Amino acid sequence: MGQIPGIVIAGGVLLALAVAALAYGRPRRRARDGGYVTGLEVGTEKPTNVVLRWLTTVDHRDIGVLYLVLGTVAALWGGVDGMMIRTELLTPEATVWDLETYNALFTTHGLTMLFFFVTPVFTGIANYFLPILIGADDMAFPRINALAFWLLPPGLALVRGGLITEVFAKGLEFVGYTVPLLFELEPVAMGWTMYTPMTIEMANPQIDMALLGLHLSGVATTMSAINFIATIFVERDEEVGWSNLDIFSWAMLTTSGIILFAFPVLGSAIVMLLLDRNFGTSFFAVAGGGPELWQHLFWFFGHPEVYILVLPAFGLISYMLPKLVGRRLFGFRFVVYSSLAIGVLSFGVWAHHMFVVGMAPQLRAAFMMTSLTIAVPSAVKTFNWLTTMWQGRIRLSAPFLFVAGGVGLFIIGGVTGVFVAVVPYDVRVHDTLYVVGHFHLIIMAIIPFSMFAASYFWFPLLTGRLYNRRLAQTQAFAMIVGAFLTFMPMLVMGNAGMPRRYAEYPEMFRPLQFVSSVGALLIGIGVILWIVNMIQSFRIGRPVRDADVWDLKETGQFSREWQWFERRLAERRGEASDGESE
């Protein structure tokens, strides 16, 4: 059994998923899309069986919650990978994990965080709130919305399958059954960029499974993008025009447009990589397209992917910040235009990841200029945020602390990005920890911080309860300090020549590596505080009596989702009073 090619296993899994999707999506008779799937027909009542409800729902708010749960699980799983990496780097020698395990850790950390944490969480937030913000009853295609989500859990399992199959195989072995095939599926260790020819030459069949999982993720994300675009274009309330469309919906619309052009490129490249691995084609072989072709295709997806990740975060910050400081967003139109500019320019900068491959100097100069140019729209947003805060009603609430801390760290990450956009300096620090520090100061700051801010900002609306404010503020401070301590030393080490992805390093870097690991520990503590706060506040938090939690009526920013929440509270009070009178 151990000789079965990975592509055969992957094909079997794909066939099973296709059969399940067909069985799920074919009703016995035509019915209006929406509501909950009950058997083979569609109804609008929620099933009383909890498991059936969550497995068959096509309601946008339920699916949003499912996305948020999946993204949180993936974030914790990928975060454990990151903590294991930082534990190994406490010592210059590989003393905790072996080198192969270390390679697998940074591979699965990157793939999990990029494909199964960030995008699903933002998709979940958008699923829950975007229809409410634009006055729609649901997403344009509720069934496709549900199907897109249910492609992600098997995708995550396939990408992380090496560890899952090993644990499962050892469990079977413990009860007397040995399945050699399961032991053949080792965790993937080719790096999250999957560079050829190494990825082609590695014999681990789990790589084929992981590639299938990534392909499913791309299909799911593309389906969601089409759904968001259709919803924003055709499901808006008559009162919601392009001039008064909220800033978060603009961000999701731009992000969805980028996805439509970026993810099919990755999907095509993955198919070609599978063919090279299993059928002897030469798309990325030296005699064919060459390894450089993979880099072009991957980064043509990979750099727009950065903006697929950060644009929803930009939208969240632009949406929440004015409400948190009691002022209108400064330069609303310029924030929208800057998002659209990022969407266009993001496809013209991919080759700055390839300045060392030997491309012509003229091409390097052209990509350097576009890479510098794309910093301008991000700077526009940053200055607009700062101006919005100027003379605002600053209150050190947890959402504001996360927004302000995220913007501050993002500025540092953005400035370091300008440096690596310049060819001579990029050549100097290419494949060093400087790149890791720069990337994470942007990604870690603006993305998780905007998510944490949103979780506290909308927590009363989502749960009907108030969170522990002091615990939330403690978490915010811990994570801001932790992110700074984790990634700033990487800039120093990378500038001094410390390569990335090395489990072993010279003794001279031990102090900075220690500081970086301490910072990662603070981030981990902050995540634990957030989990405790969410669970305990959901259980015993003080019930919300007034929907205007953030005093938004005072500044005229009591937006649609809070109006919707106010109506729900009124309905609940009415039901409660009716119950008492009976």
# chains A, B, ... in the order shown; residues from 1 in each chain; ligands from 1

call {"tool": "residues_around", "arguments": {"residues": "Ser378 (chain A)", "least_positions_apart": "6", "cutoff": "10 Å", "atoms": "only C-alpha atoms", "output": "number ranges by chain"}}
result
A: 311, 314, 335, 338-339, 341-342, 384, 410-411, 414

call {"tool": "write_last_selection", "arguments": {"atoms": "N, CA, C and O atoms", "output": "PDB file, in the first residue's frame"}}
result
ATOM      1  N   LEU A 311      -6.275  44.029   2.885  1.00  0.00           N
ATOM      2  CA  LEU A 311      -7.339  44.972   2.531  1.00  0.00           C
ATOM      3  C   LEU A 311      -8.579  44.840   3.423  1.00  0.00           C
ATOM      4  O   LEU A 311      -9.151  45.863   3.838  1.00  0.00           O
ATOM      5  N   PHE A 314      -7.636  46.623   6.497  1.00  0.00           N
ATOM      6  CA  PHE A 314      -7.741  48.066   6.276  1.00  0.00           C
ATOM      7  C   PHE A 314      -9.205  48.516   6.382  1.00  0.00           C
ATOM      8  O   PHE A 314      -9.511  49.559   6.975  1.00  0.00           O
ATOM      9  N   VAL A 335      -9.766  57.070   0.784  1.00  0.00           N
ATOM     10  CA  VAL A 335      -9.540  55.722   1.313  1.00  0.00           C
ATOM     11  C   VAL A 335     -10.086  54.687   0.332  1.00  0.00           C
ATOM     12  O   VAL A 335      -9.449  53.659   0.076  1.00  0.00           O
ATOM     13  N   SER A 338      -7.787  54.644  -2.724  1.00  0.00           N
ATOM     14  CA  SER A 338      -6.509  53.990  -2.419  1.00  0.00           C
ATOM     15  C   SER A 338      -6.671  52.471  -2.404  1.00  0.00           C
ATOM     16  O   SER A 338      -5.757  51.742  -2.828  1.00  0.00           O
ATOM     17  N   SER A 339      -7.812  51.976  -1.951  1.00  0.00           N
ATOM     18  CA  SER A 339      -8.059  50.525  -1.989  1.00  0.00           C
ATOM     19  C   SER A 339      -8.122  50.029  -3.426  1.00  0.00           C
ATOM     20  O   SER A 339      -7.528  48.995  -3.769  1.00  0.00           O
ATOM     21  N   ALA A 341      -6.747  51.451  -5.987  1.00  0.00           N
ATOM     22  CA  ALA A 341      -5.395  51.563  -6.556  1.00  0.00           C
ATOM     23  C   ALA A 341      -4.526  50.388  -6.137  1.00  0.00           C
ATOM     24  O   ALA A 341      -3.765  49.836  -6.948  1.00  0.00           O
ATOM     25  N   ILE A 342      -4.640  49.972  -4.872  1.00  0.00           N
ATOM     26  CA  ILE A 342      -3.892  48.805  -4.411  1.00  0.00           C
ATOM     27  C   ILE A 342      -4.311  47.567  -5.199  1.00  0.00           C
ATOM     28  O   ILE A 342      -3.471  46.744  -5.586  1.00  0.00           O
ATOM     29  N   ASN A 384      -4.790  59.136   6.692  1.00  0.00           N
ATOM     30  CA  ASN A 384      -6.214  59.365   6.948  1.00  0.00           C
ATOM     31  C   ASN A 384      -6.626  58.846   8.320  1.00  0.00           C
ATOM     32  O   ASN A 384      -7.441  59.459   9.012  1.00  0.00           O
ATOM     33  N   PHE A 410       2.227  48.676  11.868  1.00  0.00           N
ATOM     34  CA  PHE A 410       2.126  48.641  10.410  1.00  0.00           C
ATOM     35  C   PHE A 410       3.016  49.695   9.769  1.00  0.00           C
ATOM     36  O   PHE A 410       3.597  49.480   8.700  1.00  0.00           O
ATOM     37  N   ILE A 411       3.136  50.853  10.404  1.00  0.00           N
ATOM     38  CA  ILE A 411       4.000  51.907   9.867  1.00  0.00           C
ATOM     39  C   ILE A 411       5.444  51.417   9.816  1.00  0.00           C
ATOM     40  O   ILE A 411       6.151  51.614   8.823  1.00  0.00           O
ATOM     41  N   GLY A 414       5.676  48.876   7.073  1.00  0.00           N
ATOM     42  CA  GLY A 414       5.598  49.507   5.754  1.00  0.00           C
ATOM     43  C   GLY A 414       6.876  50.209   5.359  1.00  0.00           C
ATOM     44  O   GLY A 414       7.316  50.128   4.203  1.00  0.00           O
TER      45      GLY A 414
END

call {"tool": "residues_around", "arguments": {"residues": "region 120-129 of chain A", "least_positions_apart": "2", "cutoff": "6 Å", "atoms": "only C-alpha atoms", "output": "VMD selection string"}}
result
chain A and resid 60 to 61 64 67 to 68 71 116 to 118 131 to 132

call {"tool": "write_last_selection", "arguments": {"atoms": "all heavy atoms", "output": "compact mmCIF listing (two decimals), in the first residue's frame"}}
result
# COMPACT_ATOMS: atom_id res chain seq x y z
N HIS A 60 -26.54 33.26 6.21
CA HIS A 60 -25.26 33.94 6.12
C HIS A 60 -24.63 34.16 7.49
O HIS A 60 -23.39 34.09 7.63
CB HIS A 60 -25.41 35.29 5.39
CG HIS A 60 -26.14 36.34 6.15
ND1 HIS A 60 -25.50 37.30 6.91
CD2 HIS A 60 -27.47 36.60 6.29
CE1 HIS A 60 -26.39 38.10 7.46
NE2 HIS A 60 -27.59 37.71 7.10
N ARG A 61 -25.43 34.39 8.52
CA ARG A 61 -24.84 34.62 9.85
C ARG A 61 -24.30 33.32 10.44
O ARG A 61 -23.23 33.31 11.04
CB ARG A 61 -25.89 35.25 10.77
CG ARG A 61 -26.16 36.71 10.43
CD ARG A 61 -27.08 37.38 11.42
NE ARG A 61 -28.44 36.90 11.29
CZ ARG A 61 -29.15 36.32 12.26
NH1 ARG A 61 -28.58 36.14 13.44
NH2 ARG A 61 -30.39 35.93 12.07
N GLY A 64 -21.16 32.58 8.65
CA GLY A 64 -20.12 33.47 9.16
C GLY A 64 -19.52 32.94 10.45
O GLY A 64 -18.29 32.96 10.64
N TYR A 67 -17.20 30.01 9.66
CA TYR A 67 -15.92 30.51 9.17
C TYR A 67 -15.04 30.99 10.33
O TYR A 67 -13.83 30.72 10.37
CB TYR A 67 -16.13 31.66 8.19
CG TYR A 67 -16.26 31.26 6.73
CD1 TYR A 67 -17.46 31.41 6.06
CD2 TYR A 67 -15.16 30.80 6.03
CE1 TYR A 67 -17.58 31.07 4.71
CE2 TYR A 67 -15.27 30.46 4.69
CZ TYR A 67 -16.48 30.59 4.03
OH TYR A 67 -16.58 30.26 2.71
N LEU A 68 -15.64 31.71 11.25
CA LEU A 68 -14.88 32.25 12.38
C LEU A 68 -14.33 31.13 13.25
O LEU A 68 -13.18 31.19 13.72
CB LEU A 68 -15.75 33.19 13.20
CG LEU A 68 -16.16 34.50 12.51
CD1 LEU A 68 -17.14 35.27 13.38
CD2 LEU A 68 -14.95 35.36 12.21
N GLY A 71 -11.48 29.42 11.25
CA GLY A 71 -10.31 30.28 11.22
C GLY A 71 -9.60 30.34 12.56
O GLY A 71 -8.36 30.37 12.63
N PHE A 116 -5.81 29.28 5.68
CA PHE A 116 -6.90 28.74 6.49
C PHE A 116 -7.20 29.56 7.74
O PHE A 116 -8.13 29.24 8.46
CB PHE A 116 -6.60 27.28 6.88
CG PHE A 116 -6.49 26.38 5.70
CD1 PHE A 116 -5.25 26.02 5.19
CD2 PHE A 116 -7.62 25.91 5.06
CE1 PHE A 116 -5.14 25.20 4.09
CE2 PHE A 116 -7.53 25.08 3.96
CZ PHE A 116 -6.28 24.72 3.46
N PHE A 117 -6.41 30.58 8.02
CA PHE A 117 -6.70 31.46 9.14
C PHE A 117 -7.22 32.81 8.66
O PHE A 117 -8.39 33.16 8.90
CB PHE A 117 -5.44 31.64 10.00
CG PHE A 117 -5.46 32.86 10.88
CD1 PHE A 117 -6.60 33.20 11.61
CD2 PHE A 117 -4.35 33.69 10.98
CE1 PHE A 117 -6.62 34.34 12.42
CE2 PHE A 117 -4.37 34.82 11.78
CZ PHE A 117 -5.50 35.15 12.50
N VAL A 118 -6.41 33.57 7.95
CA VAL A 118 -6.74 34.96 7.67
C VAL A 118 -7.96 35.08 6.76
O VAL A 118 -8.96 35.73 7.12
CB VAL A 118 -5.53 35.70 7.05
CG1 VAL A 118 -5.91 37.13 6.73
CG2 VAL A 118 -4.33 35.65 8.00
N PRO A 131 -24.12 41.54 4.51
CA PRO A 131 -25.53 41.66 4.11
C PRO A 131 -26.32 42.63 4.99
O PRO A 131 -27.19 43.36 4.50
CB PRO A 131 -26.05 40.22 4.25
CG PRO A 131 -24.84 39.36 4.09
CD PRO A 131 -23.74 40.13 4.75
N ILE A 132 -26.02 42.66 6.29
CA ILE A 132 -26.71 43.59 7.19
C ILE A 132 -26.35 45.03 6.84
O ILE A 132 -27.21 45.92 6.82
CB ILE A 132 -26.34 43.29 8.66
CG1 ILE A 132 -26.79 41.87 9.03
CG2 ILE A 132 -26.98 44.31 9.59
CD1 ILE A 132 -26.34 41.43 10.41

call {"tool": "residues_around", "arguments": {"residues": "Ser318 (chain A)", "least_positions_apart": "5", "cutoff": "8 Å", "atoms": "only C-alpha atoms", "output": "list in words"}}
result
Ile247, Phe248, Leu329 and Trp385 of chain A

call {"tool": "atom_distance", "arguments": {"atom1": "CA of Pro460 (chain A)", "atom2": "CA of Val549 (chain A)"}}
result
7.7 Å

call {"tool": "select_by_dssp", "arguments": {"residues": "region 132-177 of chain A", "states": "helix (DSSP H, G or I)", "output": "PyMOL selection string"}}
result
chain A and resi 132-134+142-150+152-159+161-174

call {"tool": "closest_residue", "arguments": {"among": "A:Phe334, A:Trp242, A:Phe400, A:Phe347", "to": "Phe383 (chain A)", "atoms": "only C-alpha atoms"}}
result
A:Phe334

call {"tool": "closest_residue", "arguments": {"among": "A:Val436, A:Ile443, A:Met534, A:Val422", "to": "Met498 (chain A)", "atoms": "only C-alpha atoms"}}
result
A:Val436

call {"tool": "residues_around", "arguments": {"residues": "His438 (chain A)", "least_positions_apart": "2", "cutoff": "8 Å", "atoms": "only C-alpha atoms", "output": "PyMOL selection string"}}
result
chain A and resi 413-414+416-417+434-436+440-442+487+491

call {"tool": "residues_around", "arguments": {"residues": "Thr221 (chain A)", "least_positions_apart": "3", "cutoff": "10 Å", "atoms": "only C-alpha atoms", "output": "list in words"}}
result
Phe115, Thr119, Pro120, Thr123, Ala148, Phe149, Leu151, Leu152, His215, Leu216, Ser217, Gly218, Ser224, Ala225, Ile226, Asn227, Ser256, Ile259, Leu260 and Phe263 of chain A

call {"tool": "residues_around", "arguments": {"residues": "Arg428 (chain A)", "least_positions_apart": "4", "cutoff": "10 Å", "atoms": "only C-alpha atoms", "output": "PyMOL selection string"}}
result
chain A and resi 356+420+423-424+432+434+494-497

call {"tool": "residues_around", "arguments": {"residues": "region 446-455 of chain A", "least_positions_apart": "4", "cutoff": "8 Å", "atoms": "only C-alpha atoms", "output": "PDB file with all heavy atoms, in the first residue's frame"}}
result
ATOM      1  N   VAL A 118      -6.406  33.569   7.953  1.00  0.00           N
ATOM      2  CA  VAL A 118      -6.741  34.965   7.672  1.00  0.00           C
ATOM      3  C   VAL A 118      -7.964  35.078   6.763  1.00  0.00           C
ATOM      4  O   VAL A 118      -8.957  35.732   7.118  1.00  0.00           O
ATOM      5  CB  VAL A 118      -5.533  35.696   7.052  1.00  0.00           C
ATOM      6  CG1 VAL A 118      -5.907  37.131   6.726  1.00  0.00           C
ATOM      7  CG2 VAL A 118      -4.334  35.653   7.996  1.00  0.00           C
ATOM      8  N   LEU A 309      -5.042  39.645   1.978  1.00  0.00           N
ATOM      9  CA  LEU A 309      -5.026  39.495   3.430  1.00  0.00           C
ATOM     10  C   LEU A 309      -5.236  40.820   4.152  1.00  0.00           C
ATOM     11  O   LEU A 309      -5.957  40.883   5.159  1.00  0.00           O
ATOM     12  CB  LEU A 309      -3.698  38.877   3.879  1.00  0.00           C
ATOM     13  CG  LEU A 309      -3.320  37.515   3.295  1.00  0.00           C
ATOM     14  CD1 LEU A 309      -1.959  37.075   3.823  1.00  0.00           C
ATOM     15  CD2 LEU A 309      -4.372  36.467   3.610  1.00  0.00           C
ATOM     16  N   VAL A 310      -4.600  41.893   3.660  1.00  0.00           N
ATOM     17  CA  VAL A 310      -4.599  43.136   4.449  1.00  0.00           C
ATOM     18  C   VAL A 310      -5.735  44.091   4.089  1.00  0.00           C
ATOM     19  O   VAL A 310      -6.124  44.911   4.940  1.00  0.00           O
ATOM     20  CB  VAL A 310      -3.247  43.884   4.333  1.00  0.00           C
ATOM     21  CG1 VAL A 310      -2.102  43.007   4.799  1.00  0.00           C
ATOM     22  CG2 VAL A 310      -2.998  44.386   2.926  1.00  0.00           C
ATOM     23  N   ALA A 313      -8.516  43.958   6.485  1.00  0.00           N
ATOM     24  CA  ALA A 313      -8.076  44.570   7.745  1.00  0.00           C
ATOM     25  C   ALA A 313      -8.108  46.091   7.636  1.00  0.00           C
ATOM     26  O   ALA A 313      -8.544  46.783   8.573  1.00  0.00           O
ATOM     27  CB  ALA A 313      -6.672  44.088   8.097  1.00  0.00           C
ATOM     28  N   PHE A 314      -7.636  46.623   6.497  1.00  0.00           N
ATOM     29  CA  PHE A 314      -7.741  48.066   6.276  1.00  0.00           C
ATOM     30  C   PHE A 314      -9.205  48.516   6.382  1.00  0.00           C
ATOM     31  O   PHE A 314      -9.511  49.559   6.975  1.00  0.00           O
ATOM     32  CB  PHE A 314      -7.213  48.434   4.887  1.00  0.00           C
ATOM     33  CG  PHE A 314      -5.726  48.308   4.732  1.00  0.00           C
ATOM     34  CD1 PHE A 314      -5.153  48.264   3.462  1.00  0.00           C
ATOM     35  CD2 PHE A 314      -4.888  48.238   5.826  1.00  0.00           C
ATOM     36  CE1 PHE A 314      -3.786  48.169   3.304  1.00  0.00           C
ATOM     37  CE2 PHE A 314      -3.516  48.132   5.682  1.00  0.00           C
ATOM     38  CZ  PHE A 314      -2.959  48.099   4.414  1.00  0.00           C
ATOM     39  N   LEU A 316     -11.701  47.074   7.992  1.00  0.00           N
ATOM     40  CA  LEU A 316     -12.188  47.012   9.375  1.00  0.00           C
ATOM     41  C   LEU A 316     -11.710  48.208  10.181  1.00  0.00           C
ATOM     42  O   LEU A 316     -12.475  48.824  10.933  1.00  0.00           O
ATOM     43  CB  LEU A 316     -11.721  45.711  10.031  1.00  0.00           C
ATOM     44  CG  LEU A 316     -12.510  44.439   9.717  1.00  0.00           C
ATOM     45  CD1 LEU A 316     -11.866  43.240  10.409  1.00  0.00           C
ATOM     46  CD2 LEU A 316     -13.963  44.576  10.147  1.00  0.00           C
ATOM     47  N   ILE A 317     -10.417  48.537  10.047  1.00  0.00           N
ATOM     48  CA  ILE A 317      -9.878  49.675  10.799  1.00  0.00           C
ATOM     49  C   ILE A 317     -10.561  50.968  10.364  1.00  0.00           C
ATOM     50  O   ILE A 317     -10.942  51.803  11.195  1.00  0.00           O
ATOM     51  CB  ILE A 317      -8.354  49.749  10.607  1.00  0.00           C
ATOM     52  CG1 ILE A 317      -7.684  48.587  11.352  1.00  0.00           C
ATOM     53  CG2 ILE A 317      -7.800  51.091  11.100  1.00  0.00           C
ATOM     54  CD1 ILE A 317      -6.195  48.508  11.172  1.00  0.00           C
ATOM     55  N   MET A 320     -14.105  50.866  11.947  1.00  0.00           N
ATOM     56  CA  MET A 320     -14.245  50.959  13.404  1.00  0.00           C
ATOM     57  C   MET A 320     -13.660  52.237  13.989  1.00  0.00           C
ATOM     58  O   MET A 320     -14.215  52.816  14.936  1.00  0.00           O
ATOM     59  CB  MET A 320     -13.565  49.748  14.072  1.00  0.00           C
ATOM     60  CG  MET A 320     -14.242  48.421  13.819  1.00  0.00           C
ATOM     61  SD  MET A 320     -13.436  47.068  14.724  1.00  0.00           S
ATOM     62  CE  MET A 320     -11.851  47.003  13.895  1.00  0.00           C
ATOM     63  N   ALA A 398     -10.382  48.445  24.476  1.00  0.00           N
ATOM     64  CA  ALA A 398      -9.603  47.383  23.846  1.00  0.00           C
ATOM     65  C   ALA A 398      -9.605  47.492  22.309  1.00  0.00           C
ATOM     66  O   ALA A 398      -8.547  47.362  21.677  1.00  0.00           O
ATOM     67  CB  ALA A 398     -10.114  46.018  24.287  1.00  0.00           C
ATOM     68  N   PRO A 399     -10.753  47.740  21.665  1.00  0.00           N
ATOM     69  CA  PRO A 399     -10.709  47.877  20.201  1.00  0.00           C
ATOM     70  C   PRO A 399      -9.802  49.021  19.753  1.00  0.00           C
ATOM     71  O   PRO A 399      -9.043  48.873  18.783  1.00  0.00           O
ATOM     72  CB  PRO A 399     -12.169  48.151  19.816  1.00  0.00           C
ATOM     73  CG  PRO A 399     -12.965  47.604  20.933  1.00  0.00           C
ATOM     74  CD  PRO A 399     -12.143  47.795  22.165  1.00  0.00           C
ATOM     75  N   PHE A 400      -9.856  50.163  20.453  1.00  0.00           N
ATOM     76  CA  PHE A 400      -8.997  51.275  20.050  1.00  0.00           C
ATOM     77  C   PHE A 400      -7.524  50.941  20.256  1.00  0.00           C
ATOM     78  O   PHE A 400      -6.682  51.291  19.418  1.00  0.00           O
ATOM     79  CB  PHE A 400      -9.354  52.542  20.828  1.00  0.00           C
ATOM     80  CG  PHE A 400      -8.431  53.694  20.513  1.00  0.00           C
ATOM     81  CD1 PHE A 400      -8.603  54.432  19.356  1.00  0.00           C
ATOM     82  CD2 PHE A 400      -7.370  54.017  21.352  1.00  0.00           C
ATOM     83  CE1 PHE A 400      -7.741  55.468  19.030  1.00  0.00           C
ATOM     84  CE2 PHE A 400      -6.508  55.057  21.052  1.00  0.00           C
ATOM     85  CZ  PHE A 400      -6.690  55.779  19.888  1.00  0.00           C
ATOM     86  N   LEU A 401      -7.182  50.287  21.355  1.00  0.00           N
ATOM     87  CA  LEU A 401      -5.787  49.921  21.605  1.00  0.00           C
ATOM     88  C   LEU A 401      -5.266  49.015  20.499  1.00  0.00           C
ATOM     89  O   LEU A 401      -4.141  49.184  20.019  1.00  0.00           O
ATOM     90  CB  LEU A 401      -5.659  49.228  22.965  1.00  0.00           C
ATOM     91  CG  LEU A 401      -5.842  50.107  24.206  1.00  0.00           C
ATOM     92  CD1 LEU A 401      -5.823  49.258  25.464  1.00  0.00           C
ATOM     93  CD2 LEU A 401      -4.750  51.179  24.267  1.00  0.00           C
ATOM     94  N   PHE A 402      -6.075  48.057  20.087  1.00  0.00           N
ATOM     95  CA  PHE A 402      -5.644  47.162  19.007  1.00  0.00           C
ATOM     96  C   PHE A 402      -5.508  47.912  17.685  1.00  0.00           C
ATOM     97  O   PHE A 402      -4.563  47.682  16.923  1.00  0.00           O
ATOM     98  CB  PHE A 402      -6.624  45.995  18.857  1.00  0.00           C
ATOM     99  CG  PHE A 402      -6.316  44.833  19.754  1.00  0.00           C
ATOM    100  CD1 PHE A 402      -7.177  44.480  20.772  1.00  0.00           C
ATOM    101  CD2 PHE A 402      -5.149  44.096  19.590  1.00  0.00           C
ATOM    102  CE1 PHE A 402      -6.895  43.406  21.609  1.00  0.00           C
ATOM    103  CE2 PHE A 402      -4.857  43.031  20.422  1.00  0.00           C
ATOM    104  CZ  PHE A 402      -5.722  42.683  21.435  1.00  0.00           C
ATOM    105  N   VAL A 403      -6.446  48.807  17.395  1.00  0.00           N
ATOM    106  CA  VAL A 403      -6.365  49.576  16.152  1.00  0.00           C
ATOM    107  C   VAL A 403      -5.135  50.479  16.158  1.00  0.00           C
ATOM    108  O   VAL A 403      -4.346  50.488  15.205  1.00  0.00           O
ATOM    109  CB  VAL A 403      -7.655  50.402  15.958  1.00  0.00           C
ATOM    110  CG1 VAL A 403      -7.464  51.419  14.837  1.00  0.00           C
ATOM    111  CG2 VAL A 403      -8.830  49.490  15.629  1.00  0.00           C
ATOM    112  N   GLY A 405      -2.406  50.295  18.085  1.00  0.00           N
ATOM    113  CA  GLY A 405      -1.192  49.495  18.098  1.00  0.00           C
ATOM    114  C   GLY A 405      -0.902  48.865  16.749  1.00  0.00           C
ATOM    115  O   GLY A 405       0.251  48.824  16.299  1.00  0.00           O
ATOM    116  N   GLY A 406      -1.956  48.392  16.083  1.00  0.00           N
ATOM    117  CA  GLY A 406      -1.769  47.810  14.758  1.00  0.00           C
ATOM    118  C   GLY A 406      -1.272  48.821  13.745  1.00  0.00           C
ATOM    119  O   GLY A 406      -0.391  48.523  12.929  1.00  0.00           O
ATOM    120  N   VAL A 407      -1.826  50.028  13.784  1.00  0.00           N
ATOM    121  CA  VAL A 407      -1.376  51.077  12.857  1.00  0.00           C
ATOM    122  C   VAL A 407       0.081  51.436  13.123  1.00  0.00           C
ATOM    123  O   VAL A 407       0.882  51.601  12.184  1.00  0.00           O
ATOM    124  CB  VAL A 407      -2.277  52.321  12.984  1.00  0.00           C
ATOM    125  CG1 VAL A 407      -1.710  53.492  12.184  1.00  0.00           C
ATOM    126  CG2 VAL A 407      -3.695  52.001  12.500  1.00  0.00           C
ATOM    127  N   LEU A 409       2.538  49.557  14.448  1.00  0.00           N
ATOM    128  CA  LEU A 409       3.427  48.505  13.975  1.00  0.00           C
ATOM    129  C   LEU A 409       3.399  48.398  12.453  1.00  0.00           C
ATOM    130  O   LEU A 409       4.414  48.094  11.821  1.00  0.00           O
ATOM    131  CB  LEU A 409       3.028  47.169  14.613  1.00  0.00           C
ATOM    132  CG  LEU A 409       3.286  47.045  16.112  1.00  0.00           C
ATOM    133  CD1 LEU A 409       2.658  45.769  16.664  1.00  0.00           C
ATOM    134  CD2 LEU A 409       4.783  47.065  16.408  1.00  0.00           C
ATOM    135  N   PHE A 410       2.227  48.676  11.868  1.00  0.00           N
ATOM    136  CA  PHE A 410       2.126  48.641  10.410  1.00  0.00           C
ATOM    137  C   PHE A 410       3.016  49.695   9.769  1.00  0.00           C
ATOM    138  O   PHE A 410       3.597  49.480   8.700  1.00  0.00           O
ATOM    139  CB  PHE A 410       0.668  48.847   9.989  1.00  0.00           C
ATOM    140  CG  PHE A 410       0.469  48.982   8.513  1.00  0.00           C
ATOM    141  CD1 PHE A 410       0.572  47.881   7.684  1.00  0.00           C
ATOM    142  CD2 PHE A 410       0.185  50.223   7.940  1.00  0.00           C
ATOM    143  CE1 PHE A 410       0.388  48.001   6.308  1.00  0.00           C
ATOM    144  CE2 PHE A 410      -0.001  50.353   6.576  1.00  0.00           C
ATOM    145  CZ  PHE A 410       0.106  49.237   5.760  1.00  0.00           C
ATOM    146  N   ILE A 442       3.916  43.687   9.276  1.00  0.00           N
ATOM    147  CA  ILE A 442       2.714  44.084   8.537  1.00  0.00           C
ATOM    148  C   ILE A 442       1.574  43.110   8.813  1.00  0.00           C
ATOM    149  O   ILE A 442       0.490  43.486   9.253  1.00  0.00           O
ATOM    150  CB  ILE A 442       3.011  44.159   7.025  1.00  0.00           C
ATOM    151  CG1 ILE A 442       3.949  45.334   6.730  1.00  0.00           C
ATOM    152  CG2 ILE A 442       1.711  44.302   6.230  1.00  0.00           C
ATOM    153  CD1 ILE A 442       4.337  45.459   5.280  1.00  0.00           C
ATOM    154  N   PHE A 459     -18.595  42.253  19.892  1.00  0.00           N
ATOM    155  CA  PHE A 459     -18.943  41.190  20.843  1.00  0.00           C
ATOM    156  C   PHE A 459     -20.332  41.387  21.449  1.00  0.00           C
ATOM    157  O   PHE A 459     -21.113  40.418  21.540  1.00  0.00           O
ATOM    158  CB  PHE A 459     -17.889  41.104  21.959  1.00  0.00           C
ATOM    159  CG  PHE A 459     -18.097  39.956  22.902  1.00  0.00           C
ATOM    160  CD1 PHE A 459     -17.614  38.689  22.599  1.00  0.00           C
ATOM    161  CD2 PHE A 459     -18.776  40.132  24.100  1.00  0.00           C
ATOM    162  CE1 PHE A 459     -17.810  37.629  23.469  1.00  0.00           C
ATOM    163  CE2 PHE A 459     -18.979  39.076  24.973  1.00  0.00           C
ATOM    164  CZ  PHE A 459     -18.489  37.816  24.656  1.00  0.00           C
TER     165      PHE A 459
END

call {"tool": "closest_residue", "arguments": {"among": "A:Ala210, A:Val357, A:Ala476, A:Val96", "to": "Val427 (chain A)", "atoms": "only C-alpha atoms"}}
result
A:Val357

call {"tool": "atom_distance", "arguments": {"atom1": "CA of Val188 (chain A)", "atom2": "CA of Gly162 (chain A)"}}
result
6.8 Å

call {"tool": "closest_residue", "arguments": {"among": "A:Arg500, A:Ser559, A:Thr87, A:Gly135", "to": "Glu239 (chain A)", "atoms": "only C-alpha atoms"}}
result
A:Gly135

call {"tool": "atom_distance", "arguments": {"atom1": "CA of Val286 (chain A)", "atom2": "CA of Met272 (chain A)"}}
result
14.4 Å

call {"tool": "closest_atom_pairs", "arguments": {"of": "region 144-243 of chain A", "to": "region 107-112 of chain A", "cutoff": "9 Å", "atoms": "only C-alpha atoms", "output": "tab-separated table"}}
result
residue	atom	partner	partner_atom	distance
A:Leu156	CA	A:Thr112	CA	7.4
A:Val159	CA	A:Thr108	CA	7.6
A:Arg160	CA	A:Thr108	CA	6.9
A:Pro187	CA	A:Thr108	CA	8.1
A:Val188	CA	A:Thr107	CA	7.0
A:Ala189	CA	A:Thr107	CA	5.7
A:Met190	CA	A:Thr107	CA	6.6
A:Gly191	CA	A:Thr107	CA	4.4
A:Trp192	CA	A:Thr107	CA	4.7
A:Thr193	CA	A:Thr107	CA	8.3
A:Met194	CA	A:Thr107	CA	8.7
A:Leu214	CA	A:Leu111	CA	8.4
